[in-house]
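Below: one structure, written as C-alpha cells.
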Amino acid sequence: MATRTTTRESRRPARTAEPVEAVAAAPDGGTSLGRLTELRIRGLGAIDDVTLELGDGLTVVTGETGAGKTMVVTGLTLLFGGRADPGRVRANGRAGVEGRLALPADSPVWERAADAGADPDDDGTLILARTVSAEGRSRAHLGGRSVPVGVVAELAEGLLAVHGQSDQLRLSRPAEQRRALDRYAGTAHLELLDRYREAYTRWRQLASDLERRRGQARELAQAADVLRHGLEEIDAAGPQPGEDAELDAQARRLSDADALRAAADEARTALVGDVTGDLGDDLPQDASAALAIAERALAASDDPTLVMLAQDLNDAVAVVSDVAGQLATYVADLDADPARLAEVLDRRAAITALVRKYADVGDGVDGVLAWAEDARRRLDELDVSDEALEALEAARDAARAEVDDLGAQVSAGRRAAADGFAAEVGRELAGLAMRSARISFAVDSDPDAPGPEGIDEVALLMAAHPGAPPRPVHKGASGGELSRVMLAIEVVFAGADPVPVMVFDEVDAGVGGQAAGEIGRRLARLARRHQVVVVTHLAQVAAFADTHLVVDKSPDTGAGVTATDIRAVDGEDRVRELARMLSGLTDSDTGQAHARELLAVAATARAAA
C-alpha cells in the first residue's frame with residue numbers, strides 16, 4: 001500500500017544550502033568564481049554589431065519591448081553551446097558571438113580547455129567564439145582553437161546558469177520538483193540516488209531477461225542448438241590463430257619444393273662453389289674464392305687504405321659464408337614428401353570450410369574464433385534449463401531486494417530534506433511580498449512500484465493564505481507568484497551554486513510593487529558572489545544594478561530592418577531610463593523624482609546588506 005507524508009512549513013534551517021545573506025564577497029569586491037568581462041554579438045536578431053563591457057556584480061539589461069533585450073540572453077546561450085537557431089541570423093547570412101572569460105587559476109575550466117588545445121589570451125583570459133550561418137551550420141572556437149560545440153556545452157555546465165520564464169513551466173512538473181528536492185538534499189543523497197538508479201537498471205534487465213527466456217523457451221532452445229552445433233564443429237577442428245596463413249605458406253613450399261631446392265643450390269654454389277665435388281671442374285669461380293683472392297692481394301700491400309679495404313673484404317667473405325650456411329640449412333629442411341603435402345591441403349580445406357561458414361569476408365580463421373567466443377557468450381543468454389532459470393530468478397530477486405533497500409533510503413532522505421527546503425523557500429517568499437504563503441512538500445511513497453527515480457512521487461504545494469488548503473504550486477499560484485516561487489528556489493540554491501555567471505531573463509514578469517523591489521534586493525545579494533545578468537522591465541529591479549545596459553532600437557528605412565544598439569548608462573541618463581520604465585516618459589519630472597528615490601532606496605539597501 002502506498003504511504004503518504006505531507007511536510008508542512010518548518011523553521012528548521014537547512015544544512016546543505018548556504019543562505020544568500022551569508023555569502024561572503026570576494027576580497028576584491030568582485031566574484032571569486034570568475035566572470036564574463038566582454039560580450040560581442042554580431043548579426044543576431046535585431047543586433048548588427050555590439051560589444052558589451054560586463055562588470056562585477058549585478059548587470060541589468062532594459063529597453064523598449066521588441067528592442068532586442070532577449071538577444072543578449074540568446075547570445076549568451078549560443079556562446080555557451082546552446083542550440084543554434086538559423087532563424088535568428090540576420091540577412092547578411094552569418095551571426096557570431098564572442099566572449100572573454102576571466103577565471104581564477106584553480107578553475108577546473110582551465111584543465112578541460114587545455115585538453116581541447118585551447119590557450120589563454122595575452123591578458124590571461126579565455127576567449128570563446130561561436131558562429132552560425134543562415135543554413136544552420138555552426139562552429140565553435142575556444143582559446144583560438146576550433147572545437148566541437150559539445151566541448152563548449154560541457155564547459156558551460158560549470159560556467160553559466162540561465163533562468164527564464166520557461167523555468168516556470170518546468171517548475172510545474174512533478175519531476176522537476178522532485179529533482180529540486182534531491183538537489184537540496186545534498187551530495188551524499190545524490191550519490192545514493194545514483195546507486196539506486198544503477199540497481200534499478202540492473203533489476204529491470206534481469207527481470208526482462210528472465211521473462212524473455214520463459215516466454216520464448218522453445219525459440220531460444222532452437223537457437224542454442226544451432227550455436228552448439230557450430231561450436232562442436234569448430235572445437236573438433238581446433239583452428240589456431242593465424243593458422244590459415246601458415247597453411248598457405250606450407251602448401252606453397254611443399255608444392256614448389258624441387259624448384260626451391262634448385263634455386264637455393266644454385267645460389268649456394270655461386271657463393272661458395274661445389275662443396276660436394278659432384279659438379280665437375282668446369283664451374284666458374286665462386287664469389288667466396290674471388291673475394292678471398294682480392295682480400296689477399298690487398299692485405300699484402302703496405303698502404304693503410306688498401307689494408308683497411310682488405311679487412312672489409314674479409315668481412316664480406318664471412319657474410320657470404322654465413323648466407324651459404326643458411327641456404328644449406330634451408331635445403332635440408334625442405335620436405336618434398338607428397339603425403340605431407342596432402343595432409344596440409346586437407347587441413348587447409350577444413351579450415352577454409354569453417355571460414356566460409358562462420359567468418360565475415362576477409363576475417364579468415366580469426367573471424368571463426370571470434371564467432372565461437374561470441375557464440376559461447378550468447379549460449380549463456382539462451383540457456384533455458386531449469387538450473388539456469390533458477391539462478392537468474394535468484395539474481396533478479398537479489399537485485400530487487402537491493403532496489404527496495406536503496407529506494408527506502410532515498411525516500412527517507414527526501415523526507416528529511418523536505419522540511420528544511422520548504423522552510424527556506426517560505427522565508428524567501430515572505431520577503432517577496434508573499435508572507436502569508438505556506439510552502440510544503442507531499443511525498444507519496446509506494447514501495448511496491450519502484451520507478452527509475454525511486455519509490456516516491458513528489459509534489460511542491462502552496463497555500464496562498466492562512467486557511468487555504470495546500471494545492472500543487474502551478475495550480476495554487478498566479479503567474480507572478482510562480483515567478484517568485486521559482487526565484488526563491490534559485491536563491492536558496494545560489495549560495496552553494498558553483499557557476500560564476502547567472503542569467504535571469506524576465507523572471508520578474510507579472511510582478512510589481514513591493515515584490516519587485518524585493519526581487520531586486522535578492523538579485524543584488526546573489527551578485528555578491530556571482531556575476532548576475534538580468535533582463536528586466538521593472539525599474540525597481542534595475543535600480544539595484546552595478547551596471548545598467550539599455551537596448552535601443554531605431555528603424556533603418558534604407559535596409560528595411562530594425563537596428564539595435566546597446567549602451568551603458570549612469571548618472572542622469574540612468575535616471576531618465578528608470579523614469580521611462582516607470583511612466584513611459586523620460587523627461588517627466590515626477591518620473592525622474594521617483595527614479596532618484598528608487599536609486600537612493602536601492603543604494604541604502606545594498607549598503608545595509
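Letters A, B, ... mark the chains of the C-alpha cells in the order given; residue numbers begin at 1 per chain; ligand numbers begin at 1, in order shown.
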
Closest-contact table, stretch 169-234 of chain A side, partner stretch 420-441 of chain A, 9 Å, counting only C-alpha atoms, as CSV:
```
residue,atom,partner,partner_atom,distance
A:Leu181,CA,A:Phe421,CA,7.2
A:Tyr184,CA,A:Phe421,CA,6.8
A:Ala185,CA,A:Phe421,CA,8.4
```

For the residues in the current selection, export N, CA and C atoms as an mmCIF file, in the first residue's frame.
```
data_model
loop_
_atom_site.group_PDB
_atom_site.id
_atom_site.type_symbol
_atom_site.label_atom_id
_atom_site.label_comp_id
_atom_site.auth_asym_id
_atom_site.auth_seq_id
_atom_site.Cartn_x
_atom_site.Cartn_y
_atom_site.Cartn_z
ATOM 1 N N LEU A 181 14.184 18.904 -4.964
ATOM 2 C CA LEU A 181 14.298 18.378 -3.603
ATOM 3 C C LEU A 181 15.541 17.496 -3.461
ATOM 4 N N TYR A 184 18.549 19.697 -3.228
ATOM 5 C CA TYR A 184 18.651 20.325 -1.918
ATOM 6 C C TYR A 184 19.172 19.333 -0.881
ATOM 7 N N ALA A 185 18.815 18.065 -1.017
ATOM 8 C CA ALA A 185 19.194 17.055 -0.019
ATOM 9 C C ALA A 185 20.702 16.859 0.063
#
```

Check: If we count only C-alpha atoms, what is near stretch 35-43 of chain A at a cut-off of 10 Å, once residues fewer than 5 positions away on the same chain are taken out, given as a PyMOL selection string?
Finding: chain A and resi 30+48-57+71-72+74-76+79+88-104+125-133+159-160+499-502+530-532

For the residues in the current selection, export C-alpha atoms as a PDB file, in the first residue's frame.
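After the write, part_39.pdb holds the following:
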```
ATOM      1  CA  GLY A  30      34.010  41.125  -7.204  1.00  0.00           C
ATOM      2  CA  ASP A  48      24.013  44.256 -36.039  1.00  0.00           C
ATOM      3  CA  ASP A  49      27.272  44.533 -34.075  1.00  0.00           C
ATOM      4  CA  VAL A  50      27.572  45.480 -30.405  1.00  0.00           C
ATOM      5  CA  THR A  51      30.212  44.925 -27.740  1.00  0.00           C
ATOM      6  CA  LEU A  52      29.244  44.853 -24.067  1.00  0.00           C
ATOM      7  CA  GLU A  53      31.680  45.516 -21.266  1.00  0.00           C
ATOM      8  CA  LEU A  54      30.377  43.487 -18.336  1.00  0.00           C
ATOM      9  CA  GLY A  55      31.429  44.331 -14.809  1.00  0.00           C
ATOM     10  CA  ASP A  56      31.296  42.504 -11.491  1.00  0.00           C
ATOM     11  CA  GLY A  57      28.094  42.150  -9.559  1.00  0.00           C
ATOM     12  CA  MET A  71      19.003  38.704 -27.841  1.00  0.00           C
ATOM     13  CA  VAL A  72      21.562  39.279 -25.092  1.00  0.00           C
ATOM     14  CA  THR A  74      20.164  34.329 -26.737  1.00  0.00           C
ATOM     15  CA  GLY A  75      23.741  35.369 -27.493  1.00  0.00           C
ATOM     16  CA  LEU A  76      24.981  34.094 -24.124  1.00  0.00           C
ATOM     17  CA  LEU A  79      28.081  31.268 -26.927  1.00  0.00           C
ATOM     18  CA  ARG A  88      17.859  34.313 -35.582  1.00  0.00           C
ATOM     19  CA  VAL A  89      20.554  35.023 -38.186  1.00  0.00           C
ATOM     20  CA  ARG A  90      20.267  38.384 -39.957  1.00  0.00           C
ATOM     21  CA  ALA A  91      20.040  38.749 -43.707  1.00  0.00           C
ATOM     22  CA  ASN A  92      23.819  39.069 -44.120  1.00  0.00           C
ATOM     23  CA  GLY A  93      23.982  35.308 -43.640  1.00  0.00           C
ATOM     24  CA  ARG A  94      26.150  34.820 -40.538  1.00  0.00           C
ATOM     25  CA  ALA A  95      25.806  35.502 -36.830  1.00  0.00           C
ATOM     26  CA  GLY A  96      28.638  35.471 -34.347  1.00  0.00           C
ATOM     27  CA  VAL A  97      29.103  35.743 -30.599  1.00  0.00           C
ATOM     28  CA  GLU A  98      32.410  36.203 -28.800  1.00  0.00           C
ATOM     29  CA  GLY A  99      33.066  36.280 -25.074  1.00  0.00           C
ATOM     30  CA  ARG A 100      36.067  36.838 -22.819  1.00  0.00           C
ATOM     31  CA  LEU A 101      36.198  34.938 -19.511  1.00  0.00           C
ATOM     32  CA  ALA A 102      38.331  35.911 -16.541  1.00  0.00           C
ATOM     33  CA  LEU A 103      38.750  32.792 -14.396  1.00  0.00           C
ATOM     34  CA  PRO A 104      40.765  32.020 -11.262  1.00  0.00           C
ATOM     35  CA  THR A 125      41.596  35.427 -20.116  1.00  0.00           C
ATOM     36  CA  LEU A 126      39.884  32.653 -22.069  1.00  0.00           C
ATOM     37  CA  ILE A 127      38.147  33.613 -25.318  1.00  0.00           C
ATOM     38  CA  LEU A 128      35.099  31.746 -26.617  1.00  0.00           C
ATOM     39  CA  ALA A 129      33.511  32.250 -30.032  1.00  0.00           C
ATOM     40  CA  ARG A 130      30.537  30.790 -31.892  1.00  0.00           C
ATOM     41  CA  THR A 131      29.301  31.391 -35.418  1.00  0.00           C
ATOM     42  CA  VAL A 132      26.047  30.313 -37.050  1.00  0.00           C
ATOM     43  CA  SER A 133      25.145  30.525 -40.733  1.00  0.00           C
ATOM     44  CA  LEU A 159      30.235  28.415 -16.037  1.00  0.00           C
ATOM     45  CA  LEU A 160      26.696  29.567 -16.772  1.00  0.00           C
ATOM     46  CA  VAL A 499      28.701  28.601 -11.558  1.00  0.00           C
ATOM     47  CA  PRO A 500      30.225  32.099 -11.815  1.00  0.00           C
ATOM     48  CA  VAL A 501      27.659  33.608 -14.231  1.00  0.00           C
ATOM     49  CA  MET A 502      23.902  33.562 -13.598  1.00  0.00           C
ATOM     50  CA  HIS A 530      28.164  35.579  -8.701  1.00  0.00           C
ATOM     51  CA  GLN A 531      28.152  37.717 -11.783  1.00  0.00           C
ATOM     52  CA  VAL A 532      24.408  38.192 -12.380  1.00  0.00           C
TER      53      VAL A 532
END
```

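For the atom pair formed by atom CA of A:Arg112 and atom CA of A:Thr77, the distance is 19.5 Å, given to one decimal.
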
Check: Hey, what's within 7 Å of stretch 318-332 of chain A if we count only C-alpha atoms and toss same-chain stuff fewer than 5 positions away? As a VMD selection string, please?
Finding: chain A and resid 261 264 268 271 to 272 288

Those residues with N, CA, C and O atoms, as a PDB file, in the first residue's frame please?
```
ATOM      1  N   ARG A 261      64.522 -25.972 -54.026  1.00  0.00           N
ATOM      2  CA  ARG A 261      65.823 -26.591 -53.745  1.00  0.00           C
ATOM      3  C   ARG A 261      66.829 -26.228 -54.825  1.00  0.00           C
ATOM      4  O   ARG A 261      67.995 -25.926 -54.542  1.00  0.00           O
ATOM      5  N   ALA A 264      67.982 -22.613 -54.353  1.00  0.00           N
ATOM      6  CA  ALA A 264      68.882 -22.477 -53.208  1.00  0.00           C
ATOM      7  C   ALA A 264      70.245 -23.082 -53.495  1.00  0.00           C
ATOM      8  O   ALA A 264      71.295 -22.523 -53.132  1.00  0.00           O
ATOM      9  N   ARG A 268      73.819 -21.156 -53.580  1.00  0.00           N
ATOM     10  CA  ARG A 268      74.909 -21.563 -52.680  1.00  0.00           C
ATOM     11  C   ARG A 268      76.172 -21.878 -53.481  1.00  0.00           C
ATOM     12  O   ARG A 268      77.299 -21.558 -53.073  1.00  0.00           O
ATOM     13  N   LEU A 271      78.011 -18.843 -54.455  1.00  0.00           N
ATOM     14  CA  LEU A 271      78.664 -18.159 -53.346  1.00  0.00           C
ATOM     15  C   LEU A 271      79.923 -18.877 -52.890  1.00  0.00           C
ATOM     16  O   LEU A 271      80.966 -18.246 -52.661  1.00  0.00           O
ATOM     17  N   VAL A 272      79.854 -20.229 -52.760  1.00  0.00           N
ATOM     18  CA  VAL A 272      80.997 -20.962 -52.169  1.00  0.00           C
ATOM     19  C   VAL A 272      81.484 -22.107 -53.035  1.00  0.00           C
ATOM     20  O   VAL A 272      82.354 -22.899 -52.606  1.00  0.00           O
ATOM     21  N   SER A 288      83.010 -16.584 -53.114  1.00  0.00           N
ATOM     22  CA  SER A 288      83.854 -16.698 -51.926  1.00  0.00           C
ATOM     23  C   SER A 288      85.327 -16.743 -52.305  1.00  0.00           C
ATOM     24  O   SER A 288      86.172 -16.072 -51.686  1.00  0.00           O
TER      25      SER A 288
END
```

Next item on the list: Using only C-alpha atoms, find the one residue out of A:Ala224, A:Leu341, A:Ala294, A:Ile234 that sits nearest to A:Lys357.
Entry: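 Comparing A:Ala224, A:Leu341, A:Ala294, A:Ile234 against A:Lys357, the winner is A:Ile234.
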
Note to self: Calculated over only C-alpha atoms, which of the candidates A:Thr65, A:Val162, A:Ile47, A:Val365 has the smallest distance to A:Val534?
What the structure shows: A:Val162

Checklist line | Using only C-alpha atoms: which of A:Ala359, A:Ala236, A:Val403, A:Ala316 has the shortest distance to A:Gly451 | finding: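 Closest residue, counting only C-alpha atoms: A:Val403.
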
Item checked: 10 Å contact set for stretch 238-244 of chain A, only C-alpha atoms, chain neighbours under 4 positions out, as an MDAnalysis selection string -> chainID A and resid 232:234 248:250 347:352 354:355 364:369

Checklist line | In stretch 276-433 of chain A, DSSP alpha helix (DSSP H) residues written as number ranges by chain | finding: A: 287-299, 304-333, 338-358, 364-382, 386-431

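Between atom CA of A:Ala237 and atom CA of A:Asp360 lies a distance of 18.5 Å.
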